[in-house]
Amino acid sequence: MPYLKKKWLDIASLALSALCVVHCLALPFLVVLLPALTPFTGSWVHAALVLTAAPISLWAIRASHVWRKWQISAPIVSGLILLALAAFIPALSDVEVAMSVIGALLIAAGHTCNYLYHRPVHVHDRACGHAEGLAGE
């Protein structure tokens with residue numbers, strides 16, 4: 001799979017993880033201030049985020065072949081499991097926010113590692129167009 005496609009899968013997964021963290025941490029404060037936002041705090045929001053994040057994250061893992069690298073895939077899968085448990089098991093409602101935040105952070109960490117792992121390495125030398133002015137030349 002082309003590098004650009006893998007890159008955007010990781011970026012999409014990072015964005016969804018960030019959205020989840022913002023939702024879990026900031027939205028309760030906004031709800032106190034703005035009662036009109038109450039519909040966005042229901043369990044359907046968590047379920048929708050999980051059902052959106054899981055396929056994209058799993059696709060990114062498969063597309064970049066990091067399922068073979070447990071250091072990258074384990075945090076992502078663990079985070080998805082935590083998000084799914086928090087979203088779909090009502091008995092965990094007391095710890096839902098904590099589980100969601102930890103899960104989203106694990107997913108973000110895994111996708112950040114995957115993004116950095118697959119980033120092409122650029123070496124500055126005279127062949128690249130922006131090497132002028134480097135120290136020692």
# chains A, B, ... in the order shown; residues from 1 in each chain; ligands from 1

$ residues_around --residues "range 107-114 of chain A" --least-positions-apart "5" --cutoff "6 Å" --atoms "only C-alpha atoms" --output "list in words"
Asp10, Leu14, Ser17, Ile72, Pro75, Ile76 and Gly79 of chain A

$ write_last_selection --atoms "N, CA, C and O atoms" --output "tab-separated table (two decimals), in the first residue's frame"
chain	number	residue	atom	x	y	z
A	10	ASP	N	-3.30	6.54	9.59
A	10	ASP	CA	-2.83	6.84	10.94
A	10	ASP	C	-3.30	8.22	11.39
A	10	ASP	O	-3.71	8.40	12.54
A	14	LEU	N	-5.58	9.00	14.59
A	14	LEU	CA	-5.15	9.96	15.62
A	14	LEU	C	-6.23	11.02	15.84
A	14	LEU	O	-6.51	11.39	16.99
A	17	SER	N	-9.05	9.56	17.83
A	17	SER	CA	-8.65	9.41	19.23
A	17	SER	C	-8.69	10.75	19.95
A	17	SER	O	-9.16	10.85	21.09
A	72	ILE	N	3.54	-1.88	18.55
A	72	ILE	CA	2.66	-0.89	17.93
A	72	ILE	C	1.21	-1.35	17.97
A	72	ILE	O	0.31	-0.58	18.31
A	75	PRO	N	-0.93	-1.58	21.86
A	75	PRO	CA	-1.66	-0.43	22.43
A	75	PRO	C	-2.93	-0.09	21.65
A	75	PRO	O	-3.94	0.27	22.26
A	76	ILE	N	-2.87	-0.22	20.33
A	76	ILE	CA	-4.05	0.10	19.52
A	76	ILE	C	-5.19	-0.87	19.83
A	76	ILE	O	-6.32	-0.45	20.10
A	79	GLY	N	-6.48	-0.34	23.36
A	79	GLY	CA	-7.30	0.87	23.42
A	79	GLY	C	-8.68	0.65	22.82
A	79	GLY	O	-9.69	1.12	23.38

$ closest_residue --among "A:Cys24, A:Ile11, A:Ala60, A:Ile89" --to "Ser73 in chain A" --atoms "only C-alpha atoms"
A:Ala60

$ closest_residue --among "A:Gly103, A:Ile61, A:Trp44, A:Leu92" --to "Leu16 in chain A" --atoms "only C-alpha atoms"
A:Gly103

$ atom_distance --atom1 "CA of Ala87 in chain A" --atom2 "CA of Val21 in chain A"
13.7 Å

$ residues_around --residues "Pro55 in chain A" --least-positions-apart "2" --cutoff "12 Å" --atoms "only C-alpha atoms" --output "number ranges by chain"
A: 9-10, 12-13, 16, 48-53, 57-63, 76-77, 80

$ atom_distance --atom1 "CA of Lys7 in chain A" --atom2 "CA of Ala98 in chain A"
28.5 Å

$ atom_distance --atom1 "CA of Trp70 in chain A" --atom2 "CA of Leu83 in chain A"
19.1 Å

$ closest_residue --among "A:Leu85, A:Val45, A:Ala18, A:Ala26" --to "Leu105 in chain A" --atoms "only C-alpha atoms"
A:Ala18
